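Dumped target.cif below, it's mmCIF, C-alpha atoms:
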data_structure
loop_
_atom_site.label_atom_id
_atom_site.label_comp_id
_atom_site.auth_asym_id
_atom_site.auth_seq_id
_atom_site.Cartn_x
_atom_site.Cartn_y
_atom_site.Cartn_z
CA MET A 1 0.00 0.00 0.00
CA ARG A 2 1.33 3.43 -0.95
CA PRO A 3 2.33 5.83 1.86
CA MET A 4 -0.24 8.32 0.50
CA THR A 5 -3.00 5.72 0.91
CA ARG A 6 -1.90 4.82 4.44
CA PHE A 7 -1.82 8.48 5.40
CA PHE A 8 -5.21 9.20 3.82
CA ASN A 9 -6.86 6.24 5.55
CA TRP A 10 -5.28 7.22 8.87
CA GLY A 11 -6.63 10.76 8.51
CA LYS A 12 -10.13 9.52 7.65
CA ARG A 13 -10.31 7.39 10.78
CA ARG A 14 -9.40 10.40 12.92
CA GLU A 15 -11.73 12.77 11.05
CA ILE A 16 -8.90 15.14 10.18
CA ALA A 17 -10.42 17.88 8.00
CA VAL A 18 -8.64 18.40 4.68
CA ALA A 19 -9.62 21.04 2.10
CA LEU A 20 -8.42 20.15 -1.41
CA ALA A 21 -9.04 21.57 -4.87
CA ARG A 22 -8.75 20.64 -8.54
CA ASP A 23 -10.33 21.92 -11.72
CA HIS A 24 -13.69 20.53 -12.80
CA ILE A 25 -13.26 17.63 -15.21
CA GLY A 26 -15.83 16.27 -17.67
CA PHE A 27 -16.94 12.73 -16.86
CA ARG A 28 -15.34 11.15 -19.94
CA ASP A 29 -12.06 12.98 -19.38
CA LEU A 30 -12.21 12.03 -15.69
CA THR A 31 -11.89 8.36 -16.69
CA ALA A 32 -8.47 9.00 -18.20
CA TRP A 33 -7.40 11.23 -15.28
CA TYR A 34 -7.70 8.67 -12.47
CA PRO A 35 -4.21 8.02 -10.99
CA ASP A 36 -3.28 4.72 -9.35
CA TRP A 37 -3.30 6.20 -5.85
CA ILE A 38 -6.96 7.21 -6.24
CA TYR A 39 -7.81 3.64 -7.25
CA GLU A 40 -5.93 2.33 -4.23
CA ILE A 41 -7.80 4.64 -1.86
CA MET A 42 -11.12 3.38 -3.23
CA GLU A 43 -9.98 -0.26 -3.15
CA THR A 44 -9.07 0.02 0.54
CA ASP A 45 -12.21 1.95 1.57
CA GLU A 46 -14.15 -0.61 3.60
CA VAL A 47 -16.92 1.85 4.45
CA ARG A 48 -17.54 1.97 0.71
CA ASN A 49 -16.72 -1.63 -0.13
CA THR A 50 -18.61 -3.55 2.55
CA PRO A 51 -22.20 -2.76 1.39
CA TYR A 52 -21.21 -3.41 -2.23
CA ARG A 53 -19.68 -6.77 -1.33
CA GLN A 54 -22.58 -7.85 0.90
CA SER A 55 -25.20 -6.86 -1.69
CA ILE A 56 -23.34 -8.72 -4.44
CA GLU A 57 -22.95 -11.87 -2.35
CA GLU A 58 -26.69 -11.90 -1.60
CA THR A 59 -27.86 -11.16 -5.13
CA VAL A 60 -25.87 -12.41 -8.11
CA ALA A 61 -25.73 -16.24 -7.86
CA GLY A 62 -26.80 -17.76 -11.17
CA LYS A 63 -27.33 -14.33 -12.77
CA VAL A 64 -25.74 -12.43 -15.66
CA VAL A 65 -24.07 -9.28 -14.33
CA LEU A 66 -23.02 -6.04 -15.96
CA GLU A 67 -20.45 -3.91 -14.18
CA LEU A 68 -19.79 -0.36 -15.33
CA GLY A 69 -16.34 1.01 -14.53
CA THR A 70 -14.55 -2.09 -13.27
CA GLY A 71 -11.32 -0.21 -12.51
CA ARG A 72 -7.81 -1.59 -12.49
CA LYS A 73 -8.57 -4.72 -10.40
CA ALA A 74 -12.02 -5.74 -11.71
CA LEU A 75 -13.00 -5.54 -8.05
CA TRP A 76 -16.74 -6.12 -8.29
CA ALA A 77 -16.55 -8.32 -11.38
CA ILE A 78 -14.34 -10.77 -9.51
CA CYS A 79 -16.56 -10.48 -6.43
CA CYS A 80 -19.57 -11.35 -8.61
CA ALA A 81 -17.79 -14.37 -10.11
CA ARG A 82 -16.85 -15.63 -6.65
CA ALA A 83 -20.45 -15.13 -5.52
CA GLY A 84 -21.70 -17.47 -8.26
CA ALA A 85 -22.65 -15.20 -11.16
CA SER A 86 -23.06 -17.20 -14.36
CA ARG A 87 -21.39 -14.51 -16.48
CA VAL A 88 -19.98 -11.06 -15.81
CA TYR A 89 -19.46 -8.31 -18.39
CA ALA A 90 -17.06 -5.77 -16.89
CA ILE A 91 -16.65 -2.52 -18.85
CA GLU A 92 -13.75 -0.13 -18.34
CA ALA A 93 -12.92 2.94 -20.45
CA ASN A 94 -9.47 3.68 -19.00
CA GLU A 95 -7.03 1.77 -21.22
CA LYS A 96 -4.39 1.21 -18.54
CA SER A 97 -6.98 -0.01 -16.02
CA TYR A 98 -8.60 -2.22 -18.66
CA ARG A 99 -5.29 -3.96 -19.41
CA ALA A 100 -4.57 -4.44 -15.70
CA SER A 101 -8.03 -5.96 -15.13
CA VAL A 102 -7.68 -8.31 -18.11
CA ASP A 103 -4.35 -9.57 -16.79
CA LEU A 104 -5.71 -10.05 -13.26
CA VAL A 105 -8.88 -11.86 -14.36
CA ARG A 106 -6.84 -14.13 -16.62
CA SER A 107 -4.32 -14.91 -13.87
CA LEU A 108 -7.15 -15.88 -11.49
CA GLY A 109 -8.75 -18.16 -14.09
CA PHE A 110 -12.22 -16.58 -14.21
CA ALA A 111 -13.35 -17.68 -17.65
CA ASN A 112 -16.86 -16.29 -17.07
CA VAL A 113 -15.62 -12.72 -16.55
CA HIS A 114 -15.40 -10.75 -19.81
CA VAL A 115 -13.56 -7.43 -19.51
CA ILE A 116 -14.47 -4.99 -22.28
CA GLN A 117 -12.74 -1.72 -23.09
CA GLY A 118 -14.74 1.41 -23.83
CA PHE A 119 -17.54 3.56 -22.51
CA SER A 120 -20.65 1.50 -21.86
CA ASP A 121 -22.83 3.61 -24.17
CA GLN A 122 -20.53 2.57 -27.03
CA VAL A 123 -20.46 -1.15 -26.21
CA GLU A 124 -22.69 -3.97 -27.48
CA LEU A 125 -23.32 -7.16 -25.48
CA PRO A 126 -24.54 -10.56 -26.72
CA GLU A 127 -27.33 -10.66 -24.12
CA ARG A 128 -29.21 -8.52 -21.63
CA CYS A 129 -28.11 -8.68 -18.00
CA ASP A 130 -29.95 -9.46 -14.78
CA VAL A 131 -27.92 -7.24 -12.46
CA LEU A 132 -26.15 -3.89 -12.82
CA VAL A 133 -23.26 -3.08 -10.49
CA HIS A 134 -21.52 0.28 -10.75
CA ASP A 135 -19.58 2.87 -8.82
CA LEU A 136 -20.10 5.79 -11.18
CA ILE A 137 -21.06 7.97 -8.23
CA GLY A 138 -19.31 11.32 -7.95
CA ASP A 139 -18.82 13.55 -4.93
CA ILE A 140 -22.10 15.05 -6.12
CA GLY A 141 -23.94 11.88 -7.06
CA SER A 142 -24.53 12.62 -10.75
CA SER A 143 -21.23 14.39 -11.48
CA GLU A 144 -19.43 11.36 -13.00
CA GLY A 145 -22.14 10.73 -15.61
CA VAL A 146 -24.14 8.04 -13.82
CA VAL A 147 -27.50 9.27 -15.14
CA PRO A 148 -26.87 8.97 -18.91
CA PHE A 149 -24.82 5.77 -18.49
CA VAL A 150 -27.47 3.99 -16.39
CA ALA A 151 -30.28 5.25 -18.65
CA ASP A 152 -28.45 3.85 -21.69
CA ALA A 153 -27.77 0.53 -19.95
CA LYS A 154 -31.47 0.19 -19.11
CA ARG A 155 -32.42 0.81 -22.75
CA ARG A 156 -29.94 -1.58 -24.34
CA LEU A 157 -28.04 -3.81 -21.92
CA LEU A 158 -30.33 -4.76 -19.02
CA LYS A 159 -33.48 -6.80 -18.60
CA PRO A 160 -36.53 -4.71 -17.60
CA ASP A 161 -36.54 -6.16 -14.07
CA ALA A 162 -32.78 -5.90 -13.56
CA ILE A 163 -31.46 -5.48 -10.03
CA HIS A 164 -29.38 -2.35 -9.38
CA ILE A 165 -26.43 -2.23 -6.94
CA PRO A 166 -26.74 0.46 -5.59
CA TRP A 167 -30.41 1.12 -6.28
CA ARG A 168 -30.60 4.77 -5.20
CA CYS A 169 -28.36 7.82 -4.78
CA THR A 170 -29.41 11.02 -3.04
CA THR A 171 -27.32 14.19 -2.89
CA TYR A 172 -28.01 16.62 -0.05
CA ILE A 173 -27.11 20.25 0.51
CA VAL A 174 -26.48 22.15 3.74
CA LEU A 175 -25.96 25.91 3.92
CA VAL A 176 -22.83 26.56 5.95
CA GLU A 177 -20.30 28.99 7.31
CA ASP A 178 -16.65 28.78 6.36
CA PRO A 179 -15.54 25.93 8.63
CA THR A 180 -12.93 26.57 11.31
CA LEU A 181 -9.92 24.29 10.86
CA ARG A 182 -7.14 23.61 13.31
CA LEU A 183 -3.71 24.98 12.44
CA ALA A 184 -2.40 21.54 11.49
CA GLU A 185 -5.41 20.95 9.23
CA ARG A 186 -4.93 24.31 7.50
CA ALA A 187 -1.24 23.65 6.98
CA LEU A 188 -1.80 20.13 5.67
CA SER A 189 -4.52 21.31 3.29
CA PHE A 190 -2.35 24.19 2.04
CA CYS A 191 0.51 21.81 1.23
CA MET A 192 -1.74 19.22 -0.43
CA ARG A 193 -3.29 21.96 -2.60
CA GLY A 194 0.13 22.86 -3.95
CA LEU A 195 0.27 26.05 -1.85
CA GLU A 196 -2.95 27.42 -3.34
CA ALA A 197 -4.60 29.86 -0.92
CA TYR A 198 -7.95 28.77 0.53
CA GLU A 199 -9.52 32.22 0.18
CA GLU A 200 -9.13 32.01 -3.60
CA LEU A 201 -11.17 28.81 -3.88
CA LYS A 202 -14.77 28.66 -5.07
CA PHE A 203 -15.15 24.87 -5.09
CA VAL A 204 -13.42 23.02 -2.26
CA ARG A 205 -13.21 19.22 -2.04
CA PHE A 206 -13.45 18.54 1.67
CA PHE A 207 -12.76 15.39 3.61
CA SER A 208 -14.24 15.35 7.14
CA PHE A 209 -16.02 18.67 6.66
CA PRO A 210 -16.72 20.03 10.18
CA ARG A 211 -20.45 19.58 10.80
CA SER A 212 -20.29 22.44 13.31
CA ALA A 213 -20.30 24.84 10.32
CA ALA A 214 -23.90 23.92 9.37
CA LEU A 215 -26.48 26.71 9.45
CA THR A 216 -29.46 24.71 8.11
CA GLU A 217 -30.78 21.18 8.13
CA PRO A 218 -29.95 19.08 5.04
CA ALA A 219 -32.19 19.41 1.98
CA VAL A 220 -32.35 17.19 -1.11
CA PHE A 221 -30.35 18.50 -4.07
CA GLU A 222 -31.03 15.49 -6.35
CA ASP A 223 -32.47 12.02 -5.83
CA PHE A 224 -32.20 9.12 -8.30
CA LYS A 225 -33.80 5.69 -8.00
CA PHE A 226 -32.02 3.80 -10.74
CA THR A 227 -34.89 1.39 -11.36
CA GLU A 228 -37.12 4.34 -12.29
CA THR A 229 -37.02 6.81 -15.18
CA LEU A 230 -34.06 9.17 -14.74
CA ASN A 231 -34.78 12.80 -15.60
CA PRO A 232 -31.56 14.41 -16.89
CA GLU A 233 -32.79 18.00 -16.57
CA ALA A 234 -34.25 19.69 -13.53
CA SER A 235 -35.14 23.13 -12.23
CA ARG A 236 -36.37 23.48 -8.68
CA ARG A 237 -36.61 25.79 -5.70
CA ILE A 238 -35.78 24.62 -2.21
CA THR A 239 -36.84 26.56 0.88
CA VAL A 240 -34.64 26.22 3.98
CA THR A 241 -34.68 27.81 7.42
CA VAL A 242 -31.59 29.07 9.23
CA GLU A 243 -31.12 27.20 12.51
CA ARG A 244 -28.72 29.62 14.22
CA ASP A 245 -27.08 33.02 13.78
CA GLY A 246 -23.98 32.95 11.61
CA GLU A 247 -22.09 34.07 8.52
CA LEU A 248 -23.37 32.15 5.51
CA ARG A 249 -20.55 31.45 3.07
CA GLY A 250 -21.82 28.72 0.79
CA VAL A 251 -23.26 25.27 0.19
CA HIS A 252 -21.92 21.93 1.37
CA PHE A 253 -22.81 18.72 -0.52
CA TYR A 254 -22.84 15.09 0.54
CA ILE A 255 -24.32 11.87 -0.82
CA ARG A 256 -26.18 8.88 0.55
CA LEU A 257 -26.08 5.60 -1.39
CA HIS A 258 -28.76 2.98 -0.81
CA PHE A 259 -28.34 -0.78 -1.12
CA ALA A 260 -30.58 -3.76 -0.40
CA GLY A 261 -32.09 -3.82 3.05
CA ASP A 262 -31.04 -0.90 5.22
CA ARG A 263 -27.45 -0.65 3.98
CA THR A 264 -26.32 2.87 3.17
CA ILE A 265 -23.17 4.87 2.64
CA ASP A 266 -23.36 8.43 3.97
CA THR A 267 -20.43 10.64 3.05
CA ARG A 268 -21.33 13.26 5.66
CA THR A 269 -20.95 10.93 8.63
CA GLY A 270 -18.84 8.08 7.24
CA GLN A 271 -15.11 8.26 6.62
CA THR A 272 -15.15 7.37 2.91
CA SER A 273 -13.04 7.98 -0.18
CA TRP A 274 -15.65 10.43 -1.50
CA ALA A 275 -15.03 14.11 -0.91
CA THR A 276 -17.90 16.35 0.22
CA PRO A 277 -17.77 19.50 -1.93
CA PHE A 278 -18.15 23.00 -0.57
CA VAL A 279 -19.22 25.78 -2.95
CA ARG A 280 -17.92 29.08 -1.55
CA PHE A 281 -19.65 32.30 -2.50
CA ASP A 282 -17.73 35.52 -3.08
CA ARG A 283 -18.52 36.88 0.37
CA ALA A 284 -20.01 35.87 3.69
CA THR A 285 -23.52 37.10 4.51
CA PRO A 286 -24.84 37.51 8.08
CA VAL A 287 -27.96 35.43 8.72
CA ARG A 288 -30.19 35.08 11.76
CA LYS A 289 -31.95 32.12 13.28
CA GLY A 290 -35.37 31.78 11.64
CA ASP A 291 -34.40 33.43 8.34
CA THR A 292 -36.04 31.76 5.35
CA LEU A 293 -33.75 31.26 2.36
CA GLU A 294 -34.51 30.07 -1.15
CA VAL A 295 -32.09 27.82 -3.02
CA VAL A 296 -32.57 27.68 -6.79
CA VAL A 297 -31.06 24.66 -8.55
CA GLU A 298 -30.60 24.12 -12.31
CA THR A 299 -29.10 20.86 -13.59
CA ASP A 300 -28.56 19.31 -17.01
CA LEU A 301 -27.20 15.77 -16.86
CA SER A 302 -27.94 14.71 -20.44
CA ALA A 303 -24.26 14.91 -21.46
CA ASN A 304 -21.44 16.40 -19.39
CA PRO A 305 -23.23 17.21 -16.10
CA SER A 306 -23.75 20.93 -15.55
CA TYR A 307 -25.05 22.66 -12.45
CA ALA A 308 -26.06 26.10 -11.22
CA ILE A 309 -27.00 26.92 -7.65
CA SER A 310 -28.01 30.24 -6.11
CA VAL A 311 -29.20 31.29 -2.67
CA ALA A 312 -31.47 34.27 -1.97
CA ARG A 313 -33.44 35.62 0.98
CA ASN A 314 -36.57 37.68 1.32
CA GLU A 315 -35.81 41.26 2.30
CA SER A 316 -38.95 43.39 2.69
CA GLY A 317 -40.81 41.32 0.10
CA ARG A 318 -37.97 41.25 -2.44
CA MET A 319 -35.66 38.29 -3.04
CA THR A 320 -32.00 39.33 -2.77
CA GLU A 321 -29.32 36.96 -4.02
CA ILE A 322 -26.68 35.98 -1.47
CA GLY A 323 -24.49 33.90 -3.74
CA HIS A 324 -24.33 31.97 -7.01
CA TYR A 325 -22.08 29.36 -8.60
CA ALA A 326 -22.27 27.40 -11.88
CA TRP A 327 -20.02 24.63 -13.20
CA SER A 328 -19.73 21.59 -15.47
CA GLY A 329 -18.27 18.20 -14.70
CA ASP A 330 -17.03 16.63 -11.50
#

Spell out the structure here as structure tokens.
Amino acid sequence: MRPMTRFFNWGKRREIAVALARDHIGFRDLTAWYPDWIYEIMETDEVRNTPYRQSIEETVAGKVVLELGTGRKALWAICCARAGASRVYAIEANEKSYRASVDLVRSLGFANVHVIQGFSDQVELPERCDVLVHDLIGDIGSSEGVVPFVADAKRRLLKPDAIHIPWRCTTYIVLVEDPTLRLAERALSFCMRGLEAYEELKFVRFFSFPRSAALTEPAVFEDFKFTETLNPEASRRITVTVERDGELRGVHFYIRLHFAGDRTIDTRTGQTSWATPFVRFDRATPVRKGDTLEVVVETDLSANPSYAISVARNESGRMTEIGHYAWSGD
């Protein structure tokens, strides 16, 4: 295991807050971007992996499985084969990861696992599948292209009654202050960002975001049940109430993944490999307990996911915008 992975996992367990940043990347380009250390962090994330593994072991025996984004170790494809799947089609667009998965599957002797290179919406299969397994979930659930990929798989690659692992993904928002970090956390974050100043950031990728910064209760930003029709475009208004006095600086996001039974992954409370993004507005705005705020959300997930979010409050009968941010990709 790489030192970076050991350090990251150690920090997660101790809920050390880290504020990172990178440019937004389109979901197809993101596939080529993934470095090996990111794969290793996901592969060693047992908060993430346990509900996947348990759901697979309970579900796939005797079934034909499709996995989207099998990664460099065909993790869930091999898990499905060991759990008794009759055949597994594992699709991977990253060429390096595809080659690594082919070599691993071959070395383990799984003749019923077929690793296929390409994006799933450009792949044909000889049969429709009984189960879909995927981890195309971004830090904001839809940001890695899960909606168009799953919609395409349902049209062409899956049986109508196919089982989905996971079966639901909900992204929540919380209006927050700028969180207070300890000196060591600020210094660590500054170094890991390549000495980029925090105050210059508009989109921060937080791990262990301090929940003490919350000013409102969570509200649903998006909610997808993969067995149902997935709407790629949405426009909605969300009303939230401020729970305490504070300085509103932006919007914090987290996801909750749902599996069979009561299994969930919650990136707000669990120490996972997902970041929880923080959109920072240009300035902080004083708010009081009981203030009613309106959050306006615009999303288009039909191709490269794009988002716009704005927050306004009622001042003497007129809505005044507090902050706004728009972006595309993860």

Contacts between stretch 151-158 of chain A and stretch 34-98 of chain A, please, where a residue of stretch 34-98 of chain A counts if it comes within 12 Å (with all atoms listed in the file); show its shortest atom pair and distance in Å to one decimal, rows by chain and ascending number, as CSV.
residue,atom,partner,partner_atom,distance
A:Lys63,CA,A:Leu158,CA,11.8
A:Val64,CA,A:Leu158,CA,9.5
A:Val65,CA,A:Leu158,CA,9.0
A:Leu66,CA,A:Leu158,CA,8.0
A:Glu67,CA,A:Ala153,CA,10.3
A:Leu68,CA,A:Ala153,CA,9.3
A:Tyr89,CA,A:Leu157,CA,10.3
A:Ile91,CA,A:Ala153,CA,11.6

- [ ] Skip stretch 302-305 of chain A itself and residues of its chain fewer than 4 positions away, then list as a ChimeraX atom specification all residues within 12 Å of it, counting only C-alpha atoms.
- [x] /A:24-30,121,138,140-152,230-234,298,326-330

I need the chosen residues saved as a PDB file, keeping the file's coordinate frame, with C-alpha atoms.
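Written output follows (result.pdb):
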ATOM      1  CA  HIS A  24     -13.690  20.530 -12.800  1.00  0.00           C
ATOM      2  CA  ILE A  25     -13.260  17.630 -15.210  1.00  0.00           C
ATOM      3  CA  GLY A  26     -15.830  16.270 -17.670  1.00  0.00           C
ATOM      4  CA  PHE A  27     -16.940  12.730 -16.860  1.00  0.00           C
ATOM      5  CA  ARG A  28     -15.340  11.150 -19.940  1.00  0.00           C
ATOM      6  CA  ASP A  29     -12.060  12.980 -19.380  1.00  0.00           C
ATOM      7  CA  LEU A  30     -12.210  12.030 -15.690  1.00  0.00           C
ATOM      8  CA  ASP A 121     -22.830   3.610 -24.170  1.00  0.00           C
ATOM      9  CA  GLY A 138     -19.310  11.320  -7.950  1.00  0.00           C
ATOM     10  CA  ILE A 140     -22.100  15.050  -6.120  1.00  0.00           C
ATOM     11  CA  GLY A 141     -23.940  11.880  -7.060  1.00  0.00           C
ATOM     12  CA  SER A 142     -24.530  12.620 -10.750  1.00  0.00           C
ATOM     13  CA  SER A 143     -21.230  14.390 -11.480  1.00  0.00           C
ATOM     14  CA  GLU A 144     -19.430  11.360 -13.000  1.00  0.00           C
ATOM     15  CA  GLY A 145     -22.140  10.730 -15.610  1.00  0.00           C
ATOM     16  CA  VAL A 146     -24.140   8.040 -13.820  1.00  0.00           C
ATOM     17  CA  VAL A 147     -27.500   9.270 -15.140  1.00  0.00           C
ATOM     18  CA  PRO A 148     -26.870   8.970 -18.910  1.00  0.00           C
ATOM     19  CA  PHE A 149     -24.820   5.770 -18.490  1.00  0.00           C
ATOM     20  CA  VAL A 150     -27.470   3.990 -16.390  1.00  0.00           C
ATOM     21  CA  ALA A 151     -30.280   5.250 -18.650  1.00  0.00           C
ATOM     22  CA  ASP A 152     -28.450   3.850 -21.690  1.00  0.00           C
ATOM     23  CA  LEU A 230     -34.060   9.170 -14.740  1.00  0.00           C
ATOM     24  CA  ASN A 231     -34.780  12.800 -15.600  1.00  0.00           C
ATOM     25  CA  PRO A 232     -31.560  14.410 -16.890  1.00  0.00           C
ATOM     26  CA  GLU A 233     -32.790  18.000 -16.570  1.00  0.00           C
ATOM     27  CA  ALA A 234     -34.250  19.690 -13.530  1.00  0.00           C
ATOM     28  CA  GLU A 298     -30.600  24.120 -12.310  1.00  0.00           C
ATOM     29  CA  ALA A 326     -22.270  27.400 -11.880  1.00  0.00           C
ATOM     30  CA  TRP A 327     -20.020  24.630 -13.200  1.00  0.00           C
ATOM     31  CA  SER A 328     -19.730  21.590 -15.470  1.00  0.00           C
ATOM     32  CA  GLY A 329     -18.270  18.200 -14.700  1.00  0.00           C
ATOM     33  CA  ASP A 330     -17.030  16.630 -11.500  1.00  0.00           C
TER      34      ASP A 330
END

Picked residues, the PyMOL selection byres ((chain A and resi 203) around 12), expected as a short mmCIF file (atom, residue, chain, number, x, y, z; two decimals) with C-alpha atoms, keeping the file's coordinate frame:
data_model
loop_
_atom_site.label_atom_id
_atom_site.label_comp_id
_atom_site.auth_asym_id
_atom_site.auth_seq_id
_atom_site.Cartn_x
_atom_site.Cartn_y
_atom_site.Cartn_z
CA ALA A 19 -9.62 21.04 2.10
CA LEU A 20 -8.42 20.15 -1.41
CA ALA A 21 -9.04 21.57 -4.87
CA ARG A 22 -8.75 20.64 -8.54
CA ASP A 23 -10.33 21.92 -11.72
CA HIS A 24 -13.69 20.53 -12.80
CA ASP A 139 -18.82 13.55 -4.93
CA TYR A 198 -7.95 28.77 0.53
CA GLU A 199 -9.52 32.22 0.18
CA GLU A 200 -9.13 32.01 -3.60
CA LEU A 201 -11.17 28.81 -3.88
CA LYS A 202 -14.77 28.66 -5.07
CA VAL A 204 -13.42 23.02 -2.26
CA ARG A 205 -13.21 19.22 -2.04
CA PHE A 206 -13.45 18.54 1.67
CA ARG A 249 -20.55 31.45 3.07
CA GLY A 250 -21.82 28.72 0.79
CA VAL A 251 -23.26 25.27 0.19
CA HIS A 252 -21.92 21.93 1.37
CA PHE A 253 -22.81 18.72 -0.52
CA ALA A 275 -15.03 14.11 -0.91
CA THR A 276 -17.90 16.35 0.22
CA PRO A 277 -17.77 19.50 -1.93
CA PHE A 278 -18.15 23.00 -0.57
CA VAL A 279 -19.22 25.78 -2.95
CA ARG A 280 -17.92 29.08 -1.55
CA PHE A 281 -19.65 32.30 -2.50
CA ASP A 282 -17.73 35.52 -3.08
CA HIS A 324 -24.33 31.97 -7.01
CA TYR A 325 -22.08 29.36 -8.60
CA ALA A 326 -22.27 27.40 -11.88
CA TRP A 327 -20.02 24.63 -13.20
CA SER A 328 -19.73 21.59 -15.47
CA ASP A 330 -17.03 16.63 -11.50
#

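Considering all atoms listed in the file, the residue among A:Thr267, A:Thr44, A:Gln122, A:Asn49 positioned nearest to A:Arg211 is A:Thr267.
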
My list of candidates is A:Arg87, A:Arg193, A:Arg13, A:Lys96. Which is closest to A:Thr31 when distances are computed with all atoms listed in the file?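 Smallest separation from A:Thr31 among the options: A:Lys96.
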
**OP:** Could you give me, as an NGL selection string, the residues within 7 Å of stretch 166-182 of chain A, counting all atoms listed in the file and dropping anything in the same chain fewer than 4 positions from it?
**Re:** :A and (133 or 140-141 or 186 or 210 or 213-227 or 246-259)

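With distances restricted to only C-alpha atoms, A:Ser55 is the closest residue to A:Cys80 from A:Ser120, A:Ser55, A:Ser316, A:Asn94.
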
Return as AutoDock Vina command-line options the box centre and box size in Å, one decimal, for an axis-aligned box around all listed atoms of stretch 297-313 of chain A padded by 4 Å per side.
--center_x -27.4 --center_y 25.2 --center_z -10.2 --size_x 20.0 --size_y 28.9 --size_z 30.4

Fewer than 3 positions away in the same chain doesn't count, so skip those; otherwise give me all residues within 8 Å of A:Glu57, counting all atoms listed in the file, as a ChimeraX atom specification. /A:53-54,60-61,79-80,83

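Once the PyMOL selection byres ((chain A and resi 287-289) around 8) is applied to this file, the selection holds Thr241, Val242, Glu243, Arg244, Asp245, Gly246, Glu247, Leu248, Thr285, Pro286, Gly290 and Asp291 of chain A.
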
Å distance separating atom CA of A:Met42 from atom CA of A:Ser273, one decimal place: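 Interatomic distance here is 5.8 Å.
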
Subject >> Pairwise distance for atom CA of A:Glu46 and atom CA of A:Thr272, rounded to one decimal in Å >> reply: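 Interatomic distance here is 8.1 Å.
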
Q. Expressed in Å to a single decimal, how great is the separation between atom CA of A:Thr50 and atom CA of A:Ile38?
A.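 For atom CA of A:Thr50 relative to atom CA of A:Ile38, the distance reads 18.1 Å.
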
- Determine the residue membership of the PyMOL selection byres ((chain A and resi 116) around 10) for the file above and supply it as a VMD selection string. chain A and resid 68 to 70 89 to 93 98 to 99 101 to 102 113 to 115 117 to 120 123 to 125
